[in-house]
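Please read the structure below before turning to the comments.
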Amino acid sequence: MNVRVQTADFDVAQELARLRGGDTGVGAIASFIGTVRDVNESAPIDGMTLEHYPGMTEASLAEIVAEARARFDIRDALVIHRVGALAPGDQIVLVAVTSAHRGMAFDACRYVMDLLKTRAPFWKKERTPAGDRWVEARESDAEAAQRW
Amino acid sequence: MNVRVQTADFDVAQELARLRGGDTGVGAIASFIGTVRDVNESAPIDGMTLEHYPGMTEASLAEIVAEARARFDIRDALVIHRVGALAPGDQIVLVAVTSAHRGMAFDACRYVMDLLKTRAPFWKKERTPAGDRWVEARESDAEAAQRW
Amino acid sequence: MTNVPASIVTTTVRLVYLARLREAFASAGESLVLTSDDSPSVRNVVAALRSRGGAWAAELADGRAVRYAVNHCVAHPGSAVKDGDEVAVFPPVTGG
Amino acid sequence: MTNVPASIVTTTVRLVYLARLREAFASAGESLVLTSDDSPSVRNVVAALRSRGGAWAAELADGRAVRYAVNHCVAHPGSAVKDGDEVAVFPPVTGG
């Protein structure tokens, strides 16, 4: 299963090894990890809670991966997104793509992240010294998704 | 030391953790791993030997990383390149970049790989059933580097 | 010509509210019965909610960024809804 | 005006051959003494090697893809070389 939503952390080396499996046709692995920062819009962050929409989340991620497979010449792709309470420094998301050559791996990895950011139903609620606040969507994310 | 040339394999999870260190200003980690394929230009590959030019290799990689730092708003960057005998499936190179947001991390990671491919003094010699052969430089790599 | 009265159709949808809207509405979801003489759409759902006033009218006002899904697929105000559909109402996503 | 004879300068460089060229030349490197009445460049080094004929002339012929470095920095045929420099001659790189 190449799309996972989980509260548990992940080990990127293990996940990449599993993704490649025994496929020695793979020459390139591009990956992206999103992590919790301790600051956002100049305000300190104590942590955050990731909420999602069970059912739609998995469908949405699977659809994005299927689109990436159709659009780019890749061997395989993986998305892991965590939900629940996270602390600064914690890993949030892993997107990894294998392909024969690096161009397609980079493109597909970025494509999946850009679409995930605007289409996958996750919401971040930050804990700050001034109280909790829902993170606002960034216009730059909409623009990144529209470039494709 | 964020540029390493070594015969030993590397663990990507460990390397990324070391790269991030305690920097909770990091929100994005883009990474790329190149691996040995079992086929190249339709011919089966039993393995390869990576030769390099000691001294220039490290200087060249450090220069590429410095250029990436100057050009992109990133927190840190790492390059590990293996040399010596490698088998199909083996990891060859790791490029990893940390930044606050994903755009710069993706750009800088790809930039380092594109420049490494055309400037860093490494040469691959493939072992094939028909004998050993030096890998020829690919025109697409020169084009990728020129896009920047 | 004779005017034939349109048949009155009721459509029951399951509503799901998420993230900031779940908190603003103080509800994770509910069942909503639409009464309409036409094919109902997400727009009819939103209109029914807005008519409640208060947080409903404020959060779903024109110009507010609200997203919709019907049966887990991204939807738009014009998307059709039919009996038994799950209609989700949520703010722009902020994962990753 | 009187013609003043130019002084004859010798420049000794350390040559490094890598990868396919190391094999073609059956050598990992050598010392080369350039005798020149002008500021020598990589071009003079290449000319001296080509004049040996055989693999040297073939591998370093015009139109062959050959790369150079002087003291570990990417260089070009016009790059100056001075006494004590390390000049590397190698094929286009293929790492990564």
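By order of appearance in the structure tokens: chains A, B, ..., then residues from 1 within every chain, and ligands from 1 in the order shown.
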Contacts of segment 50-67 of chain B at 9 Å or less, counting only C-alpha atoms, minus same-chain residues fewer than 4 places along, as JSON, numbers by chain? {"B": [2, 3, 4, 5, 71, 72, 77, 78, 79, 82, 83, 84, 85, 86, 92, 108, 111, 112, 115, 116, 119, 120, 121, 122, 123, 124, 125, 126], "D": [18, 19, 69, 71, 72, 73, 74, 88, 95]}
Taking the backbone alone, and naming residues the way the document does, which bits of segment 37-145 of chain A are alpha helix (DSSP H) by DSSP, as a PyMOL selection string? chain A and resi 56-71+102-119+139-145
Which residues of chain A come within 7 Å of chain B, and for each one, what is the closest pair of atoms and their distance in Å to one decimal, counting only C-alpha atoms, sorted by chain and residue number, as a Markdown table?
```
| residue | atom | partner | partner_atom | distance |
| --- | --- | --- | --- | --- |
| A:Asp11 | CA | B:Ala13 | CA | 6.3 |
| A:Val12 | CA | B:Ala13 | CA | 5.3 |
| A:Ala13 | CA | B:Ala13 | CA | 5.0 |
| A:Thr24 | CA | B:Arg37 | CA | 5.1 |
| A:Gly25 | CA | B:Arg37 | CA | 5.1 |
| A:Val26 | CA | B:Arg37 | CA | 5.9 |
| A:Gly27 | CA | B:Thr35 | CA | 4.6 |
| A:Ala28 | CA | B:Gly34 | CA | 4.7 |
| A:Ile29 | CA | B:Ile33 | CA | 5.0 |
| A:Ala30 | CA | B:Phe32 | CA | 4.5 |
| A:Ser31 | CA | B:Ser31 | CA | 5.3 |
| A:Phe32 | CA | B:Ala30 | CA | 4.5 |
| A:Ile33 | CA | B:Ile29 | CA | 5.0 |
| A:Gly34 | CA | B:Ala28 | CA | 4.7 |
| A:Thr35 | CA | B:Gly27 | CA | 4.6 |
| A:Val36 | CA | B:Gly27 | CA | 5.8 |
| A:Arg37 | CA | B:Thr24 | CA | 5.1 |
| A:Asp38 | CA | B:Thr24 | CA | 5.5 |
| A:Val39 | CA | B:Gly25 | CA | 6.8 |
| A:Pro88 | CA | B:Thr24 | CA | 6.1 |
| A:Gly89 | CA | B:Thr24 | CA | 5.2 |
```
Grab the residues selected above and save them as a PDB file, in the first residue's frame with N, CA, C and O atoms.
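Output file again16.pdb follows:
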```pdb
ATOM      1  N   ASP A  11      10.560   5.760   9.387  1.00  0.00           N
ATOM      2  CA  ASP A  11      12.013   5.776   9.143  1.00  0.00           C
ATOM      3  C   ASP A  11      12.230   5.852   7.638  1.00  0.00           C
ATOM      4  O   ASP A  11      11.872   4.928   6.900  1.00  0.00           O
ATOM      5  N   VAL A  12      12.802   6.968   7.199  1.00  0.00           N
ATOM      6  CA  VAL A  12      12.878   7.205   5.756  1.00  0.00           C
ATOM      7  C   VAL A  12      13.722   6.146   5.044  1.00  0.00           C
ATOM      8  O   VAL A  12      13.377   5.709   3.937  1.00  0.00           O
ATOM      9  N   ALA A  13      14.803   5.676   5.669  1.00  0.00           N
ATOM     10  CA  ALA A  13      15.659   4.670   5.028  1.00  0.00           C
ATOM     11  C   ALA A  13      14.874   3.383   4.798  1.00  0.00           C
ATOM     12  O   ALA A  13      14.929   2.773   3.726  1.00  0.00           O
ATOM     13  N   THR A  24      15.910  -3.309  -9.492  1.00  0.00           N
ATOM     14  CA  THR A  24      17.217  -2.766  -9.860  1.00  0.00           C
ATOM     15  C   THR A  24      17.136  -1.984 -11.172  1.00  0.00           C
ATOM     16  O   THR A  24      18.160  -1.604 -11.734  1.00  0.00           O
ATOM     17  N   GLY A  25      15.930  -1.752 -11.643  1.00  0.00           N
ATOM     18  CA  GLY A  25      15.738  -0.819 -12.751  1.00  0.00           C
ATOM     19  C   GLY A  25      15.683   0.616 -12.229  1.00  0.00           C
ATOM     20  O   GLY A  25      15.692   1.571 -13.003  1.00  0.00           O
ATOM     21  N   VAL A  26      15.629   0.744 -10.899  1.00  0.00           N
ATOM     22  CA  VAL A  26      15.607   2.071 -10.268  1.00  0.00           C
ATOM     23  C   VAL A  26      17.012   2.659 -10.268  1.00  0.00           C
ATOM     24  O   VAL A  26      17.952   2.037  -9.780  1.00  0.00           O
ATOM     25  N   GLY A  27      17.138   3.870 -10.806  1.00  0.00           N
ATOM     26  CA  GLY A  27      18.424   4.561 -10.776  1.00  0.00           C
ATOM     27  C   GLY A  27      18.351   5.851  -9.988  1.00  0.00           C
ATOM     28  O   GLY A  27      19.370   6.467  -9.698  1.00  0.00           O
ATOM     29  N   ALA A  28      17.121   6.269  -9.632  1.00  0.00           N
ATOM     30  CA  ALA A  28      16.933   7.569  -8.995  1.00  0.00           C
ATOM     31  C   ALA A  28      15.794   7.494  -7.981  1.00  0.00           C
ATOM     32  O   ALA A  28      14.741   6.920  -8.270  1.00  0.00           O
ATOM     33  N   ILE A  29      16.037   8.047  -6.814  1.00  0.00           N
ATOM     34  CA  ILE A  29      15.001   8.130  -5.774  1.00  0.00           C
ATOM     35  C   ILE A  29      14.958   9.571  -5.279  1.00  0.00           C
ATOM     36  O   ILE A  29      15.901  10.036  -4.639  1.00  0.00           O
ATOM     37  N   ALA A  30      13.877  10.258  -5.588  1.00  0.00           N
ATOM     38  CA  ALA A  30      13.707  11.620  -5.075  1.00  0.00           C
ATOM     39  C   ALA A  30      12.731  11.543  -3.913  1.00  0.00           C
ATOM     40  O   ALA A  30      11.720  10.843  -3.994  1.00  0.00           O
ATOM     41  N   SER A  31      13.035  12.249  -2.843  1.00  0.00           N
ATOM     42  CA  SER A  31      12.096  12.211  -1.719  1.00  0.00           C
ATOM     43  C   SER A  31      12.008  13.565  -1.048  1.00  0.00           C
ATOM     44  O   SER A  31      12.897  14.409  -1.178  1.00  0.00           O
ATOM     45  N   PHE A  32      10.900  13.755  -0.378  1.00  0.00           N
ATOM     46  CA  PHE A  32      10.655  14.998   0.340  1.00  0.00           C
ATOM     47  C   PHE A  32      10.082  14.668   1.705  1.00  0.00           C
ATOM     48  O   PHE A  32       9.207  13.814   1.829  1.00  0.00           O
ATOM     49  N   ILE A  33      10.596  15.344   2.732  1.00  0.00           N
ATOM     50  CA  ILE A  33      10.050  15.211   4.081  1.00  0.00           C
ATOM     51  C   ILE A  33       9.652  16.597   4.567  1.00  0.00           C
ATOM     52  O   ILE A  33      10.455  17.536   4.500  1.00  0.00           O
ATOM     53  N   GLY A  34       8.431  16.730   5.008  1.00  0.00           N
ATOM     54  CA  GLY A  34       7.982  17.957   5.646  1.00  0.00           C
ATOM     55  C   GLY A  34       8.103  17.785   7.151  1.00  0.00           C
ATOM     56  O   GLY A  34       7.788  16.719   7.679  1.00  0.00           O
ATOM     57  N   THR A  35       8.595  18.813   7.840  1.00  0.00           N
ATOM     58  CA  THR A  35       8.780  18.720   9.294  1.00  0.00           C
ATOM     59  C   THR A  35       8.135  19.915   9.987  1.00  0.00           C
ATOM     60  O   THR A  35       7.917  20.958   9.372  1.00  0.00           O
ATOM     61  N   VAL A  36       7.841  19.739  11.268  1.00  0.00           N
ATOM     62  CA  VAL A  36       7.211  20.805  12.057  1.00  0.00           C
ATOM     63  C   VAL A  36       8.264  21.843  12.425  1.00  0.00           C
ATOM     64  O   VAL A  36       9.260  21.499  13.072  1.00  0.00           O
ATOM     65  N   ARG A  37       8.041  23.076  12.032  1.00  0.00           N
ATOM     66  CA  ARG A  37       8.949  24.150  12.427  1.00  0.00           C
ATOM     67  C   ARG A  37       8.538  24.708  13.787  1.00  0.00           C
ATOM     68  O   ARG A  37       7.414  24.500  14.236  1.00  0.00           O
ATOM     69  N   ASP A  38       9.456  25.400  14.431  1.00  0.00           N
ATOM     70  CA  ASP A  38       9.140  25.964  15.747  1.00  0.00           C
ATOM     71  C   ASP A  38       8.655  27.404  15.632  1.00  0.00           C
ATOM     72  O   ASP A  38       8.465  28.097  16.630  1.00  0.00           O
ATOM     73  N   VAL A  39       8.475  27.854  14.380  1.00  0.00           N
ATOM     74  CA  VAL A  39       8.022  29.220  14.175  1.00  0.00           C
ATOM     75  C   VAL A  39       7.201  29.253  12.894  1.00  0.00           C
ATOM     76  O   VAL A  39       7.455  28.494  11.959  1.00  0.00           O
ATOM     77  N   PRO A  88       7.590  20.310  17.450  1.00  0.00           N
ATOM     78  CA  PRO A  88       8.600  20.886  16.549  1.00  0.00           C
ATOM     79  C   PRO A  88       9.709  19.870  16.272  1.00  0.00           C
ATOM     80  O   PRO A  88      10.169  19.189  17.186  1.00  0.00           O
ATOM     81  N   GLY A  89      10.116  19.782  15.005  1.00  0.00           N
ATOM     82  CA  GLY A  89      11.141  18.826  14.610  1.00  0.00           C
ATOM     83  C   GLY A  89      10.568  17.522  14.098  1.00  0.00           C
ATOM     84  O   GLY A  89      11.246  16.769  13.408  1.00  0.00           O
TER      85      GLY A  89
END
```
Show me, as a ChimeraX atom specification, the residues that have an atom within 8 Å of Val13 of chain D when counting only C-alpha atoms, minus same-chain residues fewer than 5 positions from it. /D:31-34,81-87
C:Arg64, C:Arg22, C:Val16, C:Ser79: which is nearest Pro40 of chain C, counting only C-alpha atoms? C:Ser79
Quick one: chain B onto chain A, least squares on all Cα paired in order, result as a short mmCIF file (atom, residue, chain, number, x, y, z; two decimals) with C-alpha atoms, in the first residue's frame?
```cif
data_model
loop_
_atom_site.label_atom_id
_atom_site.label_comp_id
_atom_site.auth_asym_id
_atom_site.auth_seq_id
_atom_site.Cartn_x
_atom_site.Cartn_y
_atom_site.Cartn_z
CA MET B 1 -0.01 0.02 -0.02
CA ASN B 2 1.75 3.13 -1.25
CA VAL B 3 -0.45 5.68 0.49
CA ARG B 4 -0.55 5.71 4.29
CA VAL B 5 -2.11 8.00 6.88
CA GLN B 6 -0.81 7.23 10.35
CA THR B 7 -0.08 8.69 13.77
CA ALA B 8 3.24 6.81 14.04
CA ASP B 9 6.56 8.25 12.89
CA PHE B 10 8.40 6.69 9.94
CA ASP B 11 12.01 5.78 9.15
CA VAL B 12 12.88 7.20 5.74
CA ALA B 13 15.66 4.68 5.03
CA GLN B 14 13.31 1.77 5.74
CA GLU B 15 10.51 3.28 3.67
CA LEU B 16 12.78 3.95 0.68
CA ALA B 17 14.17 0.41 0.84
CA ARG B 18 10.63 -0.98 0.89
CA LEU B 19 9.62 1.29 -2.00
CA ARG B 20 12.53 0.11 -4.16
CA GLY B 21 12.05 -3.49 -3.19
CA GLY B 22 14.20 -5.59 -5.53
CA ASP B 23 13.71 -3.23 -8.47
CA THR B 24 17.23 -2.77 -9.85
CA GLY B 25 15.75 -0.81 -12.76
CA VAL B 26 15.61 2.06 -10.27
CA GLY B 27 18.44 4.56 -10.77
CA ALA B 28 16.94 7.57 -9.00
CA ILE B 29 15.01 8.13 -5.78
CA ALA B 30 13.70 11.61 -5.08
CA SER B 31 12.11 12.21 -1.73
CA PHE B 32 10.66 15.00 0.34
CA ILE B 33 10.05 15.21 4.07
CA GLY B 34 7.98 17.97 5.63
CA THR B 35 8.77 18.72 9.28
CA VAL B 36 7.20 20.80 12.05
CA ARG B 37 8.95 24.15 12.42
CA ASP B 38 9.14 25.97 15.75
CA VAL B 39 8.02 29.22 14.19
CA ASN B 40 5.38 30.26 11.65
CA GLU B 41 4.66 33.77 10.44
CA SER B 42 7.09 35.04 13.10
CA ALA B 43 5.16 33.44 15.98
CA PRO B 44 6.69 30.65 18.08
CA ILE B 45 5.03 27.25 17.73
CA ASP B 46 4.89 24.74 20.59
CA GLY B 47 3.50 22.01 18.34
CA MET B 48 0.55 21.20 16.15
CA THR B 49 -2.31 18.82 15.62
CA LEU B 50 -2.98 17.39 12.16
CA GLU B 51 -6.64 16.70 11.43
CA HIS B 52 -7.80 14.91 8.31
CA TYR B 53 -10.93 13.58 6.62
CA PRO B 54 -10.74 9.78 6.87
CA GLY B 55 -11.73 8.09 3.66
CA MET B 56 -11.31 11.11 1.46
CA THR B 57 -7.69 11.51 2.56
CA GLU B 58 -6.63 8.10 1.31
CA ALA B 59 -8.69 8.43 -1.88
CA SER B 60 -7.24 11.86 -2.57
CA LEU B 61 -3.63 10.73 -2.04
CA ALA B 62 -4.15 7.63 -4.18
CA GLU B 63 -5.57 9.79 -6.95
CA ILE B 64 -2.62 12.18 -6.81
CA VAL B 65 -0.17 9.26 -6.99
CA ALA B 66 -2.10 7.77 -9.94
CA GLU B 67 -1.91 11.12 -11.72
CA ALA B 68 1.85 11.28 -11.12
CA ARG B 69 2.27 7.77 -12.52
CA ALA B 70 0.28 8.67 -15.62
CA ARG B 71 2.15 11.92 -16.16
CA PHE B 72 5.74 10.93 -15.43
CA ASP B 73 7.82 7.92 -16.40
CA ILE B 74 8.37 6.60 -12.88
CA ARG B 75 8.75 3.14 -11.33
CA ASP B 76 6.88 3.66 -8.06
CA ALA B 77 5.75 6.30 -5.57
CA LEU B 78 4.96 6.48 -1.87
CA VAL B 79 3.13 8.97 0.34
CA ILE B 80 3.04 8.78 4.13
CA HIS B 81 1.24 11.53 6.02
CA ARG B 82 1.03 11.68 9.79
CA VAL B 83 -1.99 12.90 11.75
CA GLY B 84 -2.53 13.73 15.41
CA ALA B 85 -0.31 15.68 17.79
CA LEU B 86 3.19 16.60 16.58
CA ALA B 87 6.06 18.52 18.17
CA PRO B 88 8.59 20.88 16.55
CA GLY B 89 11.14 18.83 14.61
CA ASP B 90 8.70 15.96 14.03
CA GLN B 91 8.29 14.51 10.56
CA ILE B 92 4.87 15.26 9.00
CA VAL B 93 4.96 13.85 5.50
CA LEU B 94 7.13 11.72 3.24
CA VAL B 95 6.79 11.67 -0.53
CA ALA B 96 9.20 9.40 -2.40
CA VAL B 97 9.43 8.50 -6.07
CA THR B 98 11.63 5.97 -7.85
CA SER B 99 12.52 6.11 -11.54
CA ALA B 100 15.25 5.13 -13.97
CA HIS B 101 16.59 8.69 -14.29
CA ARG B 102 16.55 11.65 -11.96
CA GLY B 103 14.53 14.17 -13.96
CA MET B 104 11.27 12.25 -13.74
CA ALA B 105 11.82 11.38 -10.07
CA PHE B 106 12.32 15.04 -9.12
CA ASP B 107 9.36 16.20 -11.22
CA ALA B 108 6.97 13.56 -9.91
CA CYS B 109 8.01 14.07 -6.27
CA ARG B 110 7.43 17.80 -6.50
CA TYR B 111 4.17 17.28 -8.38
CA VAL B 112 2.80 15.01 -5.65
CA MET B 113 3.80 17.48 -2.92
CA ASP B 114 2.31 20.46 -4.76
CA LEU B 115 -0.99 18.67 -5.33
CA LEU B 116 -1.07 17.23 -1.81
CA LYS B 117 -0.70 20.75 -0.40
CA THR B 118 -3.82 21.98 -2.20
CA ARG B 119 -6.01 18.88 -2.55
CA ALA B 120 -5.44 16.37 0.24
CA PRO B 121 -7.80 17.03 3.17
CA PHE B 122 -5.39 17.74 6.02
CA TRP B 123 -5.55 20.72 8.36
CA LYS B 124 -2.92 21.98 10.76
CA LYS B 125 -3.81 23.54 14.07
CA GLU B 126 -0.86 25.17 15.78
CA ARG B 127 -0.32 25.46 19.51
CA THR B 128 1.23 28.82 20.32
CA PRO B 129 1.88 30.66 23.60
CA ALA B 130 -1.03 32.94 22.55
CA GLY B 131 -3.39 29.98 22.11
CA ASP B 132 -4.34 27.53 19.37
CA ARG B 133 -4.86 28.66 15.80
CA TRP B 134 -5.75 27.00 12.53
CA VAL B 135 -3.10 27.47 9.88
CA GLU B 136 -4.31 29.50 6.91
CA ALA B 137 -3.81 28.19 3.39
CA ARG B 138 -0.97 29.91 1.55
CA GLU B 139 -1.51 31.53 -1.82
CA SER B 140 1.96 30.32 -2.87
CA ASP B 141 0.72 26.73 -2.52
CA ALA B 142 -2.17 27.37 -4.90
CA GLU B 143 0.28 28.93 -7.36
CA ALA B 144 2.69 25.99 -7.08
CA ALA B 145 -0.11 23.53 -7.89
CA GLN B 146 -1.26 25.61 -10.83
CA ARG B 147 2.16 25.54 -12.45
CA TRP B 148 1.63 21.87 -13.40
#
```
